[in-house]
Amino acid sequence: MSKIALALKYRPKTFEDVTEQNAVKATLMNQLKTNTIKNCYLFTGAAGTGKAQPLYSKVLTPTGFIEMKDVVVGTDVIGCDGKVHKVSAIYNRGVRDIYELTFSDRTKVRCCNEHLWTFQKQYDNIKKGYSTLSLSEILDKPLYKQWYNKEDGTYYKSWLYHLPVCSSADFPKKSVFIPPYIMGLLIADGGLTDISSVSISLYEIDVREKFQQIIETLGYTIHLRSSMHPEVHDYNIVRANPKKGHISGTSNQIYVEIKNYGLNVRSECKFIPADYLYNDAESRLELLQGLFDGDGYIDFRTGSSIHYTTTSPQLAENIAFLVRSLGGFCTLSGPKSSSYKVNNERLEVLPHYDLYIKFPPDIIPITSQKHLARYKSGHTAPKKTLRDIKYIGKELCKCIMVDSAEHLYITDGYTVTHNTTDARIFANEINKGKGSPIEMDAASNNSVDDMRRITEQAKYQSIDSEYKVFVLDEVHAFSNAAWQSFLKICEEPPAKTIFILCTTDPQKIPNTILSRVQRYDFKKISFNGIVNRLNYIIEQENKEGAGIIPNKDGIEYIAKLSDGGMRDAITTLDKCISYNKELTLENVIKTLGGVNYDTMFELVDSTYNFDAGDVIRVIETIYNSGANIKQFIKDFNTFVLDLCKYGLSNSFEYLYIPSLYDNKLKSYTDEHFTFFNQLLGEMIKLSTAIKWESNPKPVIESTFILLCQKV
């Protein structure tokens, strides 16, 4: 059986796949056929979109990068704004053609040709800002413009596509014993392999003073060691200071922390611990300042870039991550081999890694006076440009929807990428499968500024398709100001621009909007329609070797619980199969955690027979089973309602009770059904009485005991 969620695997892809909704389908298909498409639609149903990257692609979370295959609905991811956003939907995209994009910082990202990217072109008017393009729109176009410099007789390239740089990532603050600045200095210039202490070599006087001041605030003292170089001061952090609250003779806690992190290693094995790498922005900047004050150097030609060299591949990767997480630009190269001569003999040294780093003007990554004297902050944020695209082959893909206003999240190499390339069937049918609609989740992007971004984007015609289609989901969540902003563009929409508004709560949409849209209400799917679809899915899964054993009662019970919602029915089916592939009514009830119908019938029969002792026993059994007693009364209320409806219709069509209990219901007399009507009224009162009770069991037992008293 497929590991892909069934609700995603069997999601409709064409109008033919949509169950029922015949009138709506016929009208929309006729509009497509006759080219009478309207500018604004309202669908009272959900919409969903996504993007497509290979399963091994990385997605940044507050605790680090994870692979795309491990992302689930509800996963926290980092957006382009550096804030935490949740994944609101996941879609399987199947096997797609994959391309690899290489950027100016030597990072690489893989995606399909429909994947959306937000770029600012080099020669665009600055007021246009960034625009969203699919990879297919870029593939056949040049990535740079070449120009000739008459002064030096050289041809130069101007790269065209610039990506936005991620804002500083909003990781949660972590409490650490060694201050981040000190940790940076120790990783850069510390001797960490001694069996009992930590040493460090420092050059600049102001850095020594800052180091000593912070160490002393921790309650530690440092010993100055002799050095072969008079400009270098070598220190040992040797003992705790009892006057600062530490116990004399205890182990050196700084060394203990270094050892616990596994940092008591040689230079070529150094790294940055996760507690520091995924800390808040202030801590990460202090860590970086310690690293650069200790071992970084300023480019003497420009003064605006910093260079760092290390023999540790892991430390090089960690520093690149650290720089990018703060909104900086970092190019990592290496390993590079080097050697030197001794007595005419060339000796090889460890390979090293070079990092070339630039920061926006609001971030100062060094504190030493020597570095500050040379450092010139850039006037603009560093740019990351697209340098190369090459075809990789076909690979299995997955896409995610992120509830961020920009529809951007962070993938491999801290590259900002988009999260919308798939949309509802109608949006795709409008453009005959070409291009990608633009989706926004109004539940989390409902302000007037969000709407202004949409109206601004709507002014530009689509490049790869005839129409520019916007799918706005959960529009009932828009603010009044947002609707007022949308009203103008709704009245006078740009040519070839279509808005599809989706909601499950249309009564919350202003009348001024309702009067300007073409509304389609997608009705609930019938019981038989859901049963047929579930049987079809089981049949298809069994063709793939799933081994599901269908059962009429179990499947019908799932269909009834879905209340006309196909997605809910398929999700419930998926859950039941995970528990037991034999879909009996008993297994379905166990999976969903409800009280079984035998218990319901036992309770109602004991109440009808005035058997208070048996009633208390049944309630006690339910309570001890761990079931939510309030939820049980809610379910029992529905059960009694079903009994009353059966007494009126002698049919299971409108009942949740499975037809398995046909003989049981036929055994009831008119007297029983009269009692059930009275019991229904008492259950409604009981549900109200226990609504706010923290301990509802005594109220429930009292009610049933009184019901068992013969009048």
# chains A, B, ... in the order shown; residues from 1 in each chain; ligands from 1
$ select_by_dssp --residues "segment 308-406 of chain A" --states "alpha helix (DSSP H)" --output "NGL selection string"
:A and (313-325 or 369-374)
$ write_last_selection --atoms "C-alpha atoms" --output "PDB file, in the first residue's frame"
ATOM      1  CA  PRO A 313      34.693  21.104   7.116  1.00  0.00           C
ATOM      2  CA  GLN A 314      31.951  20.970   9.762  1.00  0.00           C
ATOM      3  CA  LEU A 315      32.912  24.345  11.222  1.00  0.00           C
ATOM      4  CA  ALA A 316      32.940  25.849   7.726  1.00  0.00           C
ATOM      5  CA  GLU A 317      29.384  24.583   7.110  1.00  0.00           C
ATOM      6  CA  ASN A 318      28.279  25.826  10.540  1.00  0.00           C
ATOM      7  CA  ILE A 319      29.657  29.335   9.966  1.00  0.00           C
ATOM      8  CA  ALA A 320      27.993  29.501   6.542  1.00  0.00           C
ATOM      9  CA  PHE A 321      24.681  28.522   8.190  1.00  0.00           C
ATOM     10  CA  LEU A 322      25.229  31.093  10.952  1.00  0.00           C
ATOM     11  CA  VAL A 323      25.907  33.923   8.491  1.00  0.00           C
ATOM     12  CA  ARG A 324      22.909  33.066   6.297  1.00  0.00           C
ATOM     13  CA  SER A 325      20.630  32.708   9.322  1.00  0.00           C
ATOM     14  CA  GLN A 369      39.060  47.783  17.248  1.00  0.00           C
ATOM     15  CA  LYS A 370      41.469  46.489  14.609  1.00  0.00           C
ATOM     16  CA  HIS A 371      38.665  44.967  12.546  1.00  0.00           C
ATOM     17  CA  LEU A 372      36.330  47.938  13.011  1.00  0.00           C
ATOM     18  CA  ALA A 373      39.023  50.303  11.738  1.00  0.00           C
ATOM     19  CA  ARG A 374      39.126  48.372   8.445  1.00  0.00           C
TER      20      ARG A 374
END
$ residues_around --residues "segment 651-654 of chain A" --least-positions-apart "5" --cutoff "9 Å" --atoms "only C-alpha atoms" --output "compact mmCIF listing (two decimals) with N, CA and C atoms, in the first residue's frame"
# COMPACT_ATOMS: atom_id res chain seq x y z
N PHE A 527 -24.42 9.96 0.86
CA PHE A 527 -23.92 8.76 1.54
C PHE A 527 -23.45 7.72 0.52
N LYS A 560 -20.97 7.53 7.02
CA LYS A 560 -21.93 8.29 7.81
C LYS A 560 -21.24 9.31 8.71
N ASP A 642 -31.23 9.00 16.71
CA ASP A 642 -31.35 8.02 15.63
C ASP A 642 -32.50 7.04 15.89
N LYS A 645 -35.65 8.80 14.99
CA LYS A 645 -35.81 8.93 13.54
C LYS A 645 -36.20 7.60 12.91
N TYR A 646 -35.66 6.52 13.44
CA TYR A 646 -36.03 5.20 12.90
C TYR A 646 -37.51 4.93 13.18
N SER A 659 -26.71 -0.60 9.61
CA SER A 659 -27.82 -1.51 9.30
C SER A 659 -27.63 -2.88 9.93
N ASP A 662 -30.36 -3.91 12.32
CA ASP A 662 -31.72 -3.89 11.77
C ASP A 662 -32.69 -4.71 12.63
$ residues_around --residues "Ile577 of chain A" --least-positions-apart "4" --cutoff "12 Å" --atoms "only C-alpha atoms" --output "MDAnalysis selection string"
chainID A and resid 1:3 5:6 534 537:538 541:542 546:551 554:555 558 570:573 581:584 587:588 590:592
$ residues_around --residues "Ser368 of chain A" --least-positions-apart "2" --cutoff "12 Å" --atoms "only C-alpha atoms" --output "compact mmCIF listing (two decimals) with N, CA and C atoms, in the first residue's frame"
# COMPACT_ATOMS: atom_id res chain seq x y z
N TYR A 181 29.74 34.91 22.92
CA TYR A 181 30.97 35.56 22.45
C TYR A 181 32.20 34.76 22.86
N LEU A 185 35.11 32.82 20.55
CA LEU A 185 36.57 32.97 20.69
C LEU A 185 37.23 31.62 20.92
N LEU A 202 45.23 35.20 22.35
CA LEU A 202 44.57 36.41 21.89
C LEU A 202 45.61 37.47 21.54
N TYR A 203 45.33 38.24 20.46
CA TYR A 203 46.26 39.25 19.97
C TYR A 203 45.87 40.65 20.43
N GLU A 204 44.65 41.10 20.06
CA GLU A 204 44.25 42.48 20.30
C GLU A 204 44.01 42.75 21.78
N ILE A 205 44.46 43.93 22.25
CA ILE A 205 44.33 44.29 23.66
C ILE A 205 42.86 44.39 24.05
N ASP A 206 42.02 45.03 23.20
CA ASP A 206 40.61 45.21 23.56
C ASP A 206 39.87 43.88 23.60
N VAL A 207 40.26 42.93 22.76
CA VAL A 207 39.64 41.61 22.78
C VAL A 207 40.03 40.87 24.07
N ARG A 208 41.31 41.00 24.49
CA ARG A 208 41.76 40.39 25.75
C ARG A 208 40.95 40.94 26.92
N GLU A 209 40.78 42.26 26.93
CA GLU A 209 40.07 42.89 28.04
C GLU A 209 38.60 42.45 28.07
N LYS A 210 37.98 42.38 26.92
CA LYS A 210 36.58 41.94 26.85
C LYS A 210 36.45 40.48 27.29
N PHE A 211 37.40 39.65 26.85
CA PHE A 211 37.42 38.24 27.23
C PHE A 211 37.55 38.10 28.74
N GLN A 289 30.56 37.26 16.28
CA GLN A 289 31.55 38.29 16.62
C GLN A 289 32.76 37.68 17.32
N GLY A 290 32.52 36.71 18.19
CA GLY A 290 33.64 36.02 18.83
C GLY A 290 34.49 35.26 17.83
N LEU A 291 33.85 34.58 16.90
CA LEU A 291 34.58 33.84 15.86
C LEU A 291 35.43 34.79 15.01
N PHE A 292 34.84 35.92 14.56
CA PHE A 292 35.55 36.83 13.67
C PHE A 292 36.60 37.65 14.41
N ASP A 293 36.32 38.05 15.67
CA ASP A 293 37.33 38.76 16.46
C ASP A 293 38.54 37.87 16.69
N GLY A 294 38.28 36.56 16.82
CA GLY A 294 39.37 35.63 17.09
C GLY A 294 40.16 35.23 15.87
N ASP A 295 39.49 34.99 14.74
CA ASP A 295 40.22 34.40 13.61
C ASP A 295 39.78 34.91 12.25
N GLY A 296 38.92 35.93 12.19
CA GLY A 296 38.52 36.45 10.89
C GLY A 296 39.43 37.58 10.45
N TYR A 297 39.35 37.94 9.16
CA TYR A 297 40.11 39.10 8.69
C TYR A 297 39.31 39.83 7.62
N ILE A 298 39.52 41.14 7.57
CA ILE A 298 38.77 42.02 6.68
C ILE A 298 39.49 42.13 5.33
N ILE A 364 26.66 44.45 12.26
CA ILE A 364 28.11 44.62 12.41
C ILE A 364 28.65 43.32 13.02
N PRO A 365 29.35 42.49 12.25
CA PRO A 365 29.72 41.15 12.71
C PRO A 365 31.05 41.08 13.46
N ILE A 366 31.66 42.23 13.77
CA ILE A 366 32.91 42.21 14.53
C ILE A 366 32.85 43.27 15.61
N LYS A 370 40.68 46.66 15.83
CA LYS A 370 41.47 46.49 14.61
C LYS A 370 40.55 46.20 13.42
N HIS A 371 39.59 45.31 13.62
CA HIS A 371 38.67 44.97 12.55
C HIS A 371 37.75 46.14 12.21
N LEU A 372 37.25 46.82 13.24
CA LEU A 372 36.33 47.94 13.01
C LEU A 372 37.00 49.07 12.24
N ALA A 373 38.30 49.25 12.44
CA ALA A 373 39.02 50.30 11.74
C ALA A 373 39.09 50.02 10.24
N ARG A 374 39.02 48.75 9.86
CA ARG A 374 39.13 48.37 8.45
C ARG A 374 37.76 48.12 7.80
N TYR A 375 36.77 47.84 8.64
CA TYR A 375 35.47 47.38 8.11
C TYR A 375 34.63 48.55 7.61
$ residues_around --residues "Ile616 of chain A" --least-positions-apart "6" --cutoff "12 Å" --atoms "only C-alpha atoms" --output "ChimeraX atom specification"
/A:602-603,606-607,610,622-623,697-698,700-708
